[in-house]
Amino acid sequence: MTNKNEENISSGIKLSPGFASIFPNGLPESLTAVSHNLVVSDISNLPDTQLQTKDAFSKKWSLSNYESSDFTKALAFQKKWYLSLYGFESEKELARYLRPFKFILDAGSGQGGKAAWFAQLSPSTTIVATDISDSIIAASEYYKHYDNMVFIQCDIADMSFFPNNYFDYVSCDQVIHHTKIPPKTFKELVRVTRINHDISCYVYRKKALPRELLDDYFREFNKQLTHDDIVELSKQLTELGRILSKIKKVIEFPSIPLLGIEGGKMTVQRFLYWNFIKCYWNKELGKDTSILTNYDWYSPSQAFRYSEQDFRSWIEQENLDEVHFHSEQACYSGRFKKRG
Ligand SMILES: C[S@@+](CC[C@H](N)C(=O)[O-])C[C@H]1O[C@@H](n2cnc3c(N)ncnc32)[C@H](O)[C@@H]1O
């Protein structure tokens, strides 16, 4: 490994101390410094579907403004959800858990809000925020005053610039199903997790057959659509969700097992949402976040869904111990310990 830190100093970029602690022998050859807290790996050879997914998220995040009240509300909602997805009783418990750690990897940080949360909760830990989309550039600028955060634009399926058994905690929240071969990405995440330490991960859950068919068909179809087409579609679906949500009556729907349709008591919007078409609407989070949520579903051409058995087979294959397992209609998630 050449000492690229010196090289970067000579090119005018003095890397932040976080990089020096993550890469004590200098920046690996495969990474290039862009600014004091941002380095990029070579992602010029991404397969087409991953490139489309990268562009979709770059566009999605460019629609979201850090200073808006929608961003603040969405982050507050996400933090609360994170605790239940990965088995932390409270933010205090998460802070206690994170504080002894030296390095944490947030794999697929999006706008970086959760990575910054970890950085606030555990000021002596270096948080490495990674993402394939250009959101990581915006995040590195927005959170530039955080001394304990560094940012890497990379494909989390290949982080060969990190040694084995490196991170004290790896968090991959709502990301892995967007990567090219998710079980392979999972293997890579486990590789960089330290022995006797945890990895948290979330996957989309398989839904009823009509919804799966529509989603699969659309993911192929969307490749010919423009960003604006999908934004327009997302607005229309948000409006559909909003109108359906006006029907407050809870109805008992029958199960139709051969189509994977689970019956039960729910509103019309929820029944259609889970079984036929994603038309997200959340009054509390607001219209813009609802539009972004629909966009997030319909724009990336890579978004795999899994059964509980599929997800559990990854955990078994990697020989992990279950610390916490969570399931809900949207997803499966959990925290798993890497065995020695
Ligand atoms: C739904 S967002 C979740 C962001 C964040 N973890 C959160 O919970 O708010 C999914 C993110 O995964 C990123 N992503 C997708 N494929 C990736 C890959 N192969 N490597 C790194 N990031 C990826 C996208 O760019 C996007 O920012």
# chains A, B, ... in the order shown; residues from 1 in each chain; ligands from 1
$ residues_near_ligand --ligand "ligand 1" --cutoff "7 Å" --atoms "only C-alpha atoms and all ligand atoms" --output "PyMOL selection string"
chain A and resi 50+53-54+57-58+107-114+130-133+135+154-157+172-176+178-180+296
$ residues_around --residues "Leu121 of chain A" --least-positions-apart "6" --cutoff "10 Å" --atoms "only C-alpha atoms" --output "list of chain:residue names"
A:Glu91, A:Lys92, A:Leu94, A:Ala95, A:Arg96, A:Tyr97, A:Leu98, A:Arg99, A:Ala115
$ closest_residue --among "A:Glu212, A:Asp321, A:Asp42, A:Asp70" --to "His197 of chain A" --atoms "only C-alpha atoms"
A:Asp321
$ select_by_dssp --residues "segment 168-221 of chain A" --states "strand (DSSP E)" --output "ChimeraX atom specification"
/A:168-172,193-205
$ closest_atom_pairs --of "segment 200-311 of chain A" --to "segment 330-339 of chain A" --cutoff "8 Å" --atoms "only C-alpha atoms" --output "Markdown table"
| residue | atom | partner | partner_atom | distance |
| --- | --- | --- | --- | --- |
| A:Ser200 | CA | A:Arg335 | CA | 4.2 |
| A:Cys201 | CA | A:Ser333 | CA | 5.6 |
| A:Tyr202 | CA | A:Ser333 | CA | 4.1 |
| A:Val203 | CA | A:Tyr332 | CA | 5.5 |
| A:Tyr204 | CA | A:Cys331 | CA | 4.5 |
| A:Arg205 | CA | A:Cys331 | CA | 4.3 |
| A:Glu308 | CA | A:Tyr332 | CA | 6.8 |
| A:Phe311 | CA | A:Tyr332 | CA | 7.5 |
$ closest_residue --among "A:Tyr298, A:Phe325, A:Trp117, A:Tyr142" --to "Glu232 of chain A" --atoms "only C-alpha atoms"
A:Tyr298
$ atom_distance --atom1 "atom CA of Ser124 of chain A" --atom2 "atom CA of Gln153 of chain A"
22.9 Å
